[in-house]
Structures are given as structure tokens and as C-alpha cells.
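**Student:** Here it is: the structure, laid out below.
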Amino acid sequence: MRKPYLAGNWKMNLDRRSAIELAIALREGVGERTDVDVGVAPPFVYLDAVLQALDSSPIWVGAQNVADQDSGAFTGEISAAMLADLGVDFTIIGHSERRHVYGETDDQVNTKVHRALEVGLEVILCVGETLEEREAKSTEKVVRTHLTRGLEGVSADDMDRVTIAYEPVWAIGTGLTATPEQAGEVHEYLRGLVSGLYDEGIAGKIRIQYGGSVKPGNVAELMAVPDVDGALVGGASLQPELFLPIVGFQD
Ligand code: PGA
């Protein structure tokens, strides 16, 4: 059985005080529960404060992005080693806002995956098609490229630390959610790809999150889909009264 994994991507929101307050509210709301894994990805500058606030909590703390270089003259970048040094647990890689707003390529995504895994971080690798691509019936082609290029050279052993997030770009921050059927089709396809790239054992273990306008009102029906193992939540992860019911979707 795959344990559900609910992660919040805070994006470029909050200030120091509200980030700490949100972390404390989540710490109290999540308590010691172990039936689900929970993660939050604050902006880089609040990682340290959120790590401290969640010190005694099972909630994982992650970054939203990581550099594709080890170290050196890369102004403005944050390396995987720096994140590991700080005590960060995971990093999101290849989010559609990185791909589409900042022009991140599959090559960069793949290098970032390697940088993160090399230093012991866990990875949430995001894949997903735009509305145009869906309408052109190229969803499978797009997610196949994102997945296979993103995982190029990743060993079977390291796949233990990889989670995939299927995030249709047209559903992110738009209020549009993929139907459970739409999500299920792509998740099943992705799991099949992992089986082909690795083996059935790895495909059976890897968690595939759905992301795109996940809310307390739709999380249960999405999580009921056999291949949906969690959610990567943007907007609704910024308020404990929305994120905690998502974490507690089984309650
Ligand atoms: P959203 O964002 O929940 O606000 O749609 C999801 C994401 O970008 O991870």
C-alpha cells in the first residue's frame, strides 16, 4: 500500500511571520499522525524559520526549486547541498511555473533531479500538459517526455526518494480540476511508464500526486482514484482551515 502524501507548495506567498504562524498551525493540526505523509514547501528565505517551527513535527520541509549547478558563480541560485545543509527534506523540481514562466528545460530538470538525489534530498518531479497540448491530444506525449527526460540516469535505488506530481497546467490556480477520470488516466499511464523504465516493483511503490486546484471539497474523490497517491496543493495550502481538511481527507 502506498501511503498518501499531501504536500503544500506555498509559492511566492506569505511573509516571515505568517509563514511561521502557518507552520505552527499545521504542526498542531497534523500532530503525530502517521497515516499520511505531509510536506510543505515555503519560499527559500523562510525555510530556516519553518524548519525550526516544525522541528518536533513529522511534517517534511521542502524547497520549491533547486539549482542545476553544484556551486560557484551562479548569482541568485541555491544549491542542493545548501538545502541539505539546512536540514531540508525534499525539493520540488520541474514545476510548470518553472518550465513555462522561466523556460526551464527537460535537461535542466534532469540535472536538478540528480543534484538533489546526490545530496540525499527527496524529489517531487512535476509533469503536466498545457490546455493547448491537451486539446491537441498530446497529453501522453508531453508527460512521457517530462517523465523520461526528468528521470534519465536515475538509478533504481534512488527511485525510493522520488515522487511524481501530475499537474495539468490548465488546472493550476484556475479553479479547474481534472476530473477523477482524467487524473486516473494520466496517473495510470505514468505508472506504466515507470514500470517500463524500471520494473513493476518500483512502479507499484512510487507515489504519484495530483496537483491543480485541489481543495477540501474535491480531494476525497481524487484520492479515491486507484493511481492517485497524494496531492500537491498550491492556493489551498496557504490556509490551515483548507490544508488541514485536505491532509485529513480520510477522517
Ligand atoms: P493550485 O496549485 O493548487 O493553486 O492550483 C497547484 C500547484 O501549482 O502545485
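Chain labels follow the order of the C-alpha cells: the first chain is A, the next B, and so on; residue numbering restarts at 1 in every chain, and ligands are counted from 1 in their shown order.
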Go through the chains and note each residue within 10 Å of ligand 1, using only C-alpha atoms and all ligand atoms, then give the set as a count of residues only.
**Tutor:** 39
**Student:** Leaving out A:Pro42 and any residue of its chain fewer than 3 positions from it, which residues lie within 12 Å of it when counting only C-alpha atoms, given as a PyMOL selection string?
**Tutor:** chain A and resi 7-16+18-20+22-23+39+45-51+60-65+88+90-92+234+237-238
**Student:** Could you save those same residues with C-alpha atoms as a JSON list (two decimals), in the first residue's frame?
**Tutor:**
[["chain", "number", "residue", "atom", "x", "y", "z"],
["A", 7, "ALA", "CA", 2.29, 18.46, 0.05],
["A", 8, "GLY", "CA", 1.75, 22.21, 0.08],
["A", 9, "ASN", "CA", 3.56, 24.47, -2.36],
["A", 10, "TRP", "CA", 3.45, 27.93, -0.82],
["A", 11, "LYS", "CA", 4.94, 29.52, -3.97],
["A", 12, "MET", "CA", 5.94, 33.21, -3.62],
["A", 13, "ASN", "CA", 3.46, 33.99, -0.84],
["A", 14, "LEU", "CA", 3.41, 34.92, 2.86],
["A", 15, "ASP", "CA", 5.86, 36.90, 4.98],
["A", 16, "ARG", "CA", 8.11, 35.61, 7.74],
["A", 18, "SER", "CA", 2.68, 34.39, 8.56],
["A", 19, "ALA", "CA", 4.91, 31.55, 7.32],
["A", 20, "ILE", "CA", 5.80, 30.69, 10.94],
["A", 22, "LEU", "CA", 1.04, 28.71, 9.23],
["A", 23, "ALA", "CA", 3.74, 26.18, 10.13],
["A", 39, "GLY", "CA", 5.12, 18.24, 3.39],
["A", 45, "VAL", "CA", 14.08, 32.70, 2.72],
["A", 46, "TYR", "CA", 11.60, 31.22, 5.20],
["A", 47, "LEU", "CA", 12.91, 27.64, 5.06],
["A", 48, "ASP", "CA", 15.04, 28.03, 8.17],
["A", 49, "ALA", "CA", 12.24, 29.56, 10.24],
["A", 50, "VAL", "CA", 9.74, 26.92, 9.09],
["A", 51, "LEU", "CA", 12.25, 24.12, 9.79],
["A", 60, "TRP", "CA", 8.57, 17.44, 5.91],
["A", 61, "VAL", "CA", 10.00, 20.74, 4.75],
["A", 62, "GLY", "CA", 10.95, 21.23, 1.13],
["A", 63, "ALA", "CA", 12.21, 23.79, -1.34],
["A", 64, "GLN", "CA", 10.26, 24.86, -4.42],
["A", 65, "ASN", "CA", 13.28, 24.70, -6.72],
["A", 88, "VAL", "CA", 15.57, 20.49, 4.18],
["A", 90, "PHE", "CA", 12.82, 17.49, -0.26],
["A", 91, "THR", "CA", 12.64, 19.74, -3.26],
["A", 92, "ILE", "CA", 10.01, 20.26, -5.92],
["A", 234, "GLY", "CA", -0.91, 25.43, -4.14],
["A", 237, "SER", "CA", -2.06, 25.08, 1.24],
["A", 238, "LEU", "CA", -1.78, 28.68, 2.45]]
**Student:** Which residues, written as a list in words, have at least one atom at most 10 Å from A:Met1, with only C-alpha atoms counted and residues fewer than 5 positions away on the same chain left out?
**Tutor:**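 My list of contacting residues is Gly204, Lys205 and Asp229 of chain A.
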**Student:** Please save N, CA and C atoms of the selected residues as a CSV table (one decimal), in the first residue's frame.
**Tutor:**
chain,number,residue,atom,x,y,z
A,204,GLY,N,5.0,0.0,-8.6
A,204,GLY,CA,4.0,-0.2,-7.5
A,204,GLY,C,4.2,0.6,-6.3
A,205,LYS,N,5.5,1.0,-6.1
A,205,LYS,CA,5.8,1.7,-4.9
A,205,LYS,C,5.8,3.2,-5.0
A,229,ASP,N,-2.0,9.0,-5.4
A,229,ASP,CA,-1.5,8.7,-4.1
A,229,ASP,C,-1.3,9.9,-3.2
**Student:** Taking 4 positions as the minimum chain separation for residues in the same chain, which residues sit within 9 Å of stretch 152-158 of chain A when counting only C-alpha atoms? Answer as a ChimeraX atom specification.
**Tutor:** /A:110,113-114,117,147-148,162,198-199,202
**Student:** Measure the distance from atom CA of A:Asp55 to atom CA of A:Thr34 in Å and round it to one decimal.
**Tutor:**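 That distance, rounded to one decimal, is 16.1 Å.
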**Student:** So which residues of stretch 13-179 of chain A fall under alpha helix (DSSP H) by DSSP, listed as a PyMOL selection string?
**Tutor:** chain A and resi 16-30+47-53+80-86+96-101+106-118+131-135+139-150
**Student:** Write out as a PyMOL selection string each polymer residue whose atoms come within 12 Å of A:Arg144, counting only C-alpha atoms; drop sequence neighbours fewer than 2 positions from it.
**Tutor:** chain A and resi 106+126-129+138-142+146-152+166+186-187+189-194+196-197
